[in-house]
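In what follows, a structure is listed as structure tokens, so that the remarks can point back to it.
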Amino acid sequence: MSWQPTTTLETARVRAAVISAIRKYMADHDILEVTTPTFHQYPVTEPAIESFVVASEKTQQDWFLRTSAEYPMKRLLAAGWPDIYEMGPVFRDGEIGHRHEPEFTMLEWYRRGFDLSDIIADCVALIRAALQAIDKDQAVTQRIASYDDWLHQATGHFSDVTPEVLQALVGADVHATFDGDRDALLGWLFDTKVASAFAPDQLSVVTHFPASQASLAKVDPTLERALRFEIYLGQNELANGFVELTDSDEQRRRFERDNQLRTRRGQTPLPIDESLLSALAKGLPDCAGVAVGIERLLMSAIPAKDITEVISFSSGNPR
């Protein structure tokens, strides 16, 4: 393996300018920077995410490298803290590819009292501020549409498509690979038919996901859609945000469903973060939050074909 960095000095300066612009945006909007632990006692239960396990001989306990700062940041909000953000390294096991590294940089922030339209506008403004710092903003257009509108435009069908039609849309091989898992199949369909066709110089904002894909977001009972959004620049997903779920009982049920799904998929069920549930029970204020992948943002802005072009040193794992 070469000892040389995988990025260039010029790209490192672009990265520094983007990070400086982000911190200025946060300061201008009175959002407090915080630091939370990298080692967590509890992993995330989300079946699509795997944590790195760090075994400690002295404490006889397994620790988990964080996959995001979300849980401890919500504990800060429940303790009465104001709008907050954190930017730092996160770790995900098994994520290797042209857009994935096991370690990457994530920006996360939370705004008290924001609804879905507020947090989308906030996120778009931050992304544009970062792009403006490197003279990339003016060429970028934007379009906002619901998950179903995007899907219907690309496939002629909505997310409530029948199982038989969904199987026909994805093909028998893909259907078998995901063992008929509806949300996994919809995710594959969206990635391959919708996101793959996003315009290269467009911020494509996807709102109101199916309720079954709510993750840690509230569900609008009238629309029966998750108050969740994603933002792409070109075909790179940059941001994933929620109007945050504040009900501890519902959050517990979702964690338990995650573990049931993990078991069905042959994955190890994981311990539930009781400290987060205690914080929610104490009272998480109405808020919205969003996470942005810094390397994805840089890949879109430069542009770069591989994530290793925008980090100092790659993991060295084969792609």
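By convention in this document, the chains of the structure tokens carry letters A, B, ... by their order, each chain's residues are numbered from 1, and ligands are numbered from 1 in the order they are shown.
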
Determine, using only C-alpha atoms, which residues of region 39-69 of chain A have any atom at most 12 Å from an atom of region 197-213 of chain A, and tabulate each with its shortest atom pair and distance in Å to one decimal place, rows ordered by chain and then rising number, as CSV.
```
residue,atom,partner,partner_atom,distance
A:Glu46,CA,A:Gln213,CA,10.9
A:Pro47,CA,A:Gln213,CA,11.9
A:Ala48,CA,A:Gln213,CA,11.8
```

What residues in region 96-278 of chain A get the DSSP label strand (DSSP E)? Please answer as a ChimeraX atom specification.
/A:103-112,141-146,202-210,219-220,225-233,236-243

Fewer than 5 positions away in the same chain doesn't count, so skip those; otherwise give me all residues within 9 Å of Arg15 (chain A), counting only C-alpha atoms, as a list in words.
Glu10, Ser20, Ile294, Glu295, Leu298 and Val310 of chain A

Could those residues be written to a file, using N, CA and C atoms, as a PDB file, in the first residue's frame?
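Full text of part.pdb as output:
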```pdb
ATOM      1  N   GLU A  10      -4.853  20.774  -3.253  1.00  0.00           N
ATOM      2  CA  GLU A  10      -5.912  21.656  -3.739  1.00  0.00           C
ATOM      3  C   GLU A  10      -7.278  21.229  -3.197  1.00  0.00           C
ATOM      4  N   SER A  20     -15.185  25.648   6.829  1.00  0.00           N
ATOM      5  CA  SER A  20     -15.218  27.000   7.382  1.00  0.00           C
ATOM      6  C   SER A  20     -16.571  27.663   7.115  1.00  0.00           C
ATOM      7  N   ILE A 294     -20.135  15.031   4.734  1.00  0.00           N
ATOM      8  CA  ILE A 294     -19.216  16.059   4.219  1.00  0.00           C
ATOM      9  C   ILE A 294     -18.497  15.566   2.965  1.00  0.00           C
ATOM     10  N   GLU A 295     -18.053  14.309   2.965  1.00  0.00           N
ATOM     11  CA  GLU A 295     -17.359  13.797   1.781  1.00  0.00           C
ATOM     12  C   GLU A 295     -18.280  13.736   0.569  1.00  0.00           C
ATOM     13  N   LEU A 298     -18.486  17.172  -0.861  1.00  0.00           N
ATOM     14  CA  LEU A 298     -17.267  17.493  -1.600  1.00  0.00           C
ATOM     15  C   LEU A 298     -17.199  16.746  -2.923  1.00  0.00           C
ATOM     16  N   VAL A 310     -11.405  12.708  -1.785  1.00  0.00           N
ATOM     17  CA  VAL A 310     -11.699  13.843  -0.913  1.00  0.00           C
ATOM     18  C   VAL A 310     -11.360  13.560   0.546  1.00  0.00           C
TER      19      VAL A 310
END
```

Between A:His152, A:Arg262, A:Arg252, A:Arg66, which one has atoms that come closest to Phe39 (chain A), using only C-alpha atoms?
A:Arg66

Of the candidates A:Met299, A:Ala69, A:Leu32, A:Val124, which one gets nearest to Pro82 (chain A) if we count only C-alpha atoms?
A:Leu32

Rank nothing, just name the residue among A:Ile22, A:Ala139, A:Ala195, A:Ala214 nearest to Val292 (chain A), using only C-alpha atoms.
A:Ile22

Please provide the set of residues having any atom within 10 Å of Val18 (chain A), restricted to only C-alpha atoms, with same-chain residues fewer than 6 positions apart removed, written as a PyMOL selection string.
chain A and resi 12+24+127+129-134+294+297-298+301

Can those selected residues be exported to a file as a JSON list (two decimals), in the first residue's frame so that it contains N, CA and C atoms?
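Final output, saved to result.json:
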```json
[["chain", "number", "residue", "atom", "x", "y", "z"],
["A", 12, "ALA", "N", -7.80, 19.49, -0.47],
["A", 12, "ALA", "CA", -7.79, 19.74, 0.97],
["A", 12, "ALA", "C", -8.16, 21.18, 1.27],
["A", 24, "LYS", "N", -19.37, 28.95, 9.85],
["A", 24, "LYS", "CA", -19.87, 30.33, 9.81],
["A", 24, "LYS", "C", -21.39, 30.33, 9.77],
["A", 127, "ILE", "N", -26.28, 24.01, 2.54],
["A", 127, "ILE", "CA", -25.58, 23.41, 1.41],
["A", 127, "ILE", "C", -25.17, 24.49, 0.42],
["A", 129, "ALA", "N", -24.65, 27.65, 1.06],
["A", 129, "ALA", "CA", -23.58, 28.46, 1.65],
["A", 129, "ALA", "C", -22.23, 27.78, 1.49],
["A", 130, "ALA", "N", -22.22, 26.45, 1.66],
["A", 130, "ALA", "CA", -20.97, 25.70, 1.48],
["A", 130, "ALA", "C", -20.51, 25.75, 0.03],
["A", 131, "LEU", "N", -21.46, 25.59, -0.91],
["A", 131, "LEU", "CA", -21.11, 25.64, -2.33],
["A", 131, "LEU", "C", -20.67, 27.03, -2.75],
["A", 132, "GLN", "N", -21.30, 28.06, -2.17],
["A", 132, "GLN", "CA", -20.94, 29.43, -2.52],
["A", 132, "GLN", "C", -19.50, 29.73, -2.12],
["A", 133, "ALA", "N", -19.05, 29.11, -1.02],
["A", 133, "ALA", "CA", -17.69, 29.35, -0.54],
["A", 133, "ALA", "C", -16.63, 28.88, -1.53],
["A", 134, "ILE", "N", -17.03, 27.96, -2.44],
["A", 134, "ILE", "CA", -16.08, 27.46, -3.45],
["A", 134, "ILE", "C", -16.59, 27.77, -4.86],
["A", 294, "ILE", "N", -20.13, 15.03, 4.73],
["A", 294, "ILE", "CA", -19.22, 16.06, 4.22],
["A", 294, "ILE", "C", -18.50, 15.57, 2.97],
["A", 297, "LEU", "N", -20.76, 15.74, -0.04],
["A", 297, "LEU", "CA", -20.88, 17.12, -0.49],
["A", 297, "LEU", "C", -19.67, 17.53, -1.32],
["A", 298, "LEU", "N", -18.49, 17.17, -0.86],
["A", 298, "LEU", "CA", -17.27, 17.49, -1.60],
["A", 298, "LEU", "C", -17.20, 16.75, -2.92],
["A", 301, "ALA", "N", -19.33, 18.57, -5.33],
["A", 301, "ALA", "CA", -18.89, 19.93, -5.64],
["A", 301, "ALA", "C", -17.67, 19.95, -6.54]]
```

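Close contacts of Ala154 (chain A), defined as residues with an atom at most 12 Å away when counting only C-alpha atoms, with chain neighbours fewer than 6 positions off set aside, comprise Tyr147, Asp148, Leu169, Leu189, Phe190, Asp191, Thr192, Lys193, Val194, Ala195, Ser196, Ala197 and Phe198 of chain A.
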
Between A:Thr222, A:Gln138, A:Asn259, A:Ser68, smallest distance to Thr38 (chain A) by only C-alpha atoms belongs to A:Ser68

Taking the DSSP secondary structure from the backbone, can you list the residues of region 78-179 of chain A that are alpha helix (DSSP H), as a PyMOL selection string?
chain A and resi 78+116-132+147-155+163-170+172-177

Which residues come within 6 Å of Glu33 (chain A), counting only C-alpha atoms, excluding same-chain residues fewer than 6 positions away, as JSON, numbers by chain?
{"A": [84, 85, 86]}

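With distances restricted to only C-alpha atoms, A:Ala21 is the closest residue to Ala125 (chain A) from A:Leu9, A:Ala21, A:Ala79, A:Val243.
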
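Of the residues under consideration (A:Asn317, A:Thr105, A:Ser146, A:Ser312), A:Thr105 shows the shortest atom-to-atom contact distance to Ile19 (chain A) when counting only C-alpha atoms.
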
Test item: residues at most 10 Å from Ala239 (chain A), only C-alpha atoms, excluding those fewer than 6 positions along its chain, as a list of chain:residue names:
A:Met106, A:Leu107, A:Glu108, A:Ile120, A:Cys123, A:Val124, A:Ile127, A:Val205, A:Phe229, A:Glu230, A:Ile231, A:Tyr232, A:Leu233, A:Val290, A:Ala291, A:Val292, A:Gly293, A:Ile294, A:Arg296, A:Leu297

Dump of N, CA and C atoms for the selected residues, as a PDB file, in the first residue's frame:
```
ATOM      1  N   MET A 106     -19.400  13.354   9.364  1.00  0.00           N
ATOM      2  CA  MET A 106     -20.825  13.672   9.337  1.00  0.00           C
ATOM      3  C   MET A 106     -21.081  14.968  10.099  1.00  0.00           C
ATOM      4  N   LEU A 107     -21.897  15.815   9.497  1.00  0.00           N
ATOM      5  CA  LEU A 107     -22.417  17.010  10.147  1.00  0.00           C
ATOM      6  C   LEU A 107     -23.854  16.726  10.554  1.00  0.00           C
ATOM      7  N   GLU A 108     -24.176  16.957  11.822  1.00  0.00           N
ATOM      8  CA  GLU A 108     -25.551  16.785  12.293  1.00  0.00           C
ATOM      9  C   GLU A 108     -25.959  18.016  13.082  1.00  0.00           C
ATOM     10  N   ILE A 120     -36.003  21.659   5.862  1.00  0.00           N
ATOM     11  CA  ILE A 120     -35.571  21.527   4.469  1.00  0.00           C
ATOM     12  C   ILE A 120     -34.945  22.835   3.999  1.00  0.00           C
ATOM     13  N   CYS A 123     -31.550  23.284   5.584  1.00  0.00           N
ATOM     14  CA  CYS A 123     -30.535  22.403   5.018  1.00  0.00           C
ATOM     15  C   CYS A 123     -30.105  22.879   3.634  1.00  0.00           C
ATOM     16  N   VAL A 124     -31.063  23.278   2.806  1.00  0.00           N
ATOM     17  CA  VAL A 124     -30.729  23.785   1.471  1.00  0.00           C
ATOM     18  C   VAL A 124     -29.865  25.034   1.593  1.00  0.00           C
ATOM     19  N   ILE A 127     -26.284  24.012   2.540  1.00  0.00           N
ATOM     20  CA  ILE A 127     -25.576  23.410   1.408  1.00  0.00           C
ATOM     21  C   ILE A 127     -25.171  24.489   0.415  1.00  0.00           C
ATOM     22  N   VAL A 205     -34.729  17.323  -3.760  1.00  0.00           N
ATOM     23  CA  VAL A 205     -35.209  17.141  -2.392  1.00  0.00           C
ATOM     24  C   VAL A 205     -36.391  16.175  -2.417  1.00  0.00           C
ATOM     25  N   PHE A 229     -37.008  13.648   5.032  1.00  0.00           N
ATOM     26  CA  PHE A 229     -36.586  14.085   3.703  1.00  0.00           C
ATOM     27  C   PHE A 229     -35.149  13.673   3.441  1.00  0.00           C
ATOM     28  N   GLU A 230     -34.789  13.630   2.171  1.00  0.00           N
ATOM     29  CA  GLU A 230     -33.406  13.452   1.742  1.00  0.00           C
ATOM     30  C   GLU A 230     -33.094  14.490   0.672  1.00  0.00           C
ATOM     31  N   ILE A 231     -31.836  14.897   0.607  1.00  0.00           N
ATOM     32  CA  ILE A 231     -31.398  15.839  -0.427  1.00  0.00           C
ATOM     33  C   ILE A 231     -30.226  15.216  -1.179  1.00  0.00           C
ATOM     34  N   TYR A 232     -30.333  15.241  -2.490  1.00  0.00           N
ATOM     35  CA  TYR A 232     -29.275  14.773  -3.378  1.00  0.00           C
ATOM     36  C   TYR A 232     -28.710  15.967  -4.136  1.00  0.00           C
ATOM     37  N   LEU A 233     -27.423  15.923  -4.407  1.00  0.00           N
ATOM     38  CA  LEU A 233     -26.822  16.814  -5.396  1.00  0.00           C
ATOM     39  C   LEU A 233     -26.298  15.914  -6.500  1.00  0.00           C
ATOM     40  N   VAL A 290     -31.047  16.968  11.031  1.00  0.00           N
ATOM     41  CA  VAL A 290     -30.569  16.529   9.717  1.00  0.00           C
ATOM     42  C   VAL A 290     -29.097  16.162   9.814  1.00  0.00           C
ATOM     43  N   ALA A 291     -28.702  15.191   9.004  1.00  0.00           N
ATOM     44  CA  ALA A 291     -27.296  14.789   8.901  1.00  0.00           C
ATOM     45  C   ALA A 291     -26.841  14.965   7.462  1.00  0.00           C
ATOM     46  N   VAL A 292     -25.642  15.517   7.299  1.00  0.00           N
ATOM     47  CA  VAL A 292     -25.051  15.736   5.979  1.00  0.00           C
ATOM     48  C   VAL A 292     -23.683  15.069   5.938  1.00  0.00           C
ATOM     49  N   GLY A 293     -23.443  14.273   4.895  1.00  0.00           N
ATOM     50  CA  GLY A 293     -22.133  13.664   4.695  1.00  0.00           C
ATOM     51  C   GLY A 293     -21.190  14.656   4.031  1.00  0.00           C
ATOM     52  N   ILE A 294     -20.135  15.031   4.734  1.00  0.00           N
ATOM     53  CA  ILE A 294     -19.216  16.059   4.219  1.00  0.00           C
ATOM     54  C   ILE A 294     -18.497  15.566   2.965  1.00  0.00           C
ATOM     55  N   ARG A 296     -19.538  13.370   0.779  1.00  0.00           N
ATOM     56  CA  ARG A 296     -20.501  13.349  -0.333  1.00  0.00           C
ATOM     57  C   ARG A 296     -20.679  14.759  -0.917  1.00  0.00           C
ATOM     58  N   LEU A 297     -20.757  15.742  -0.038  1.00  0.00           N
ATOM     59  CA  LEU A 297     -20.880  17.124  -0.488  1.00  0.00           C
ATOM     60  C   LEU A 297     -19.671  17.530  -1.321  1.00  0.00           C
TER      61      LEU A 297
END
```
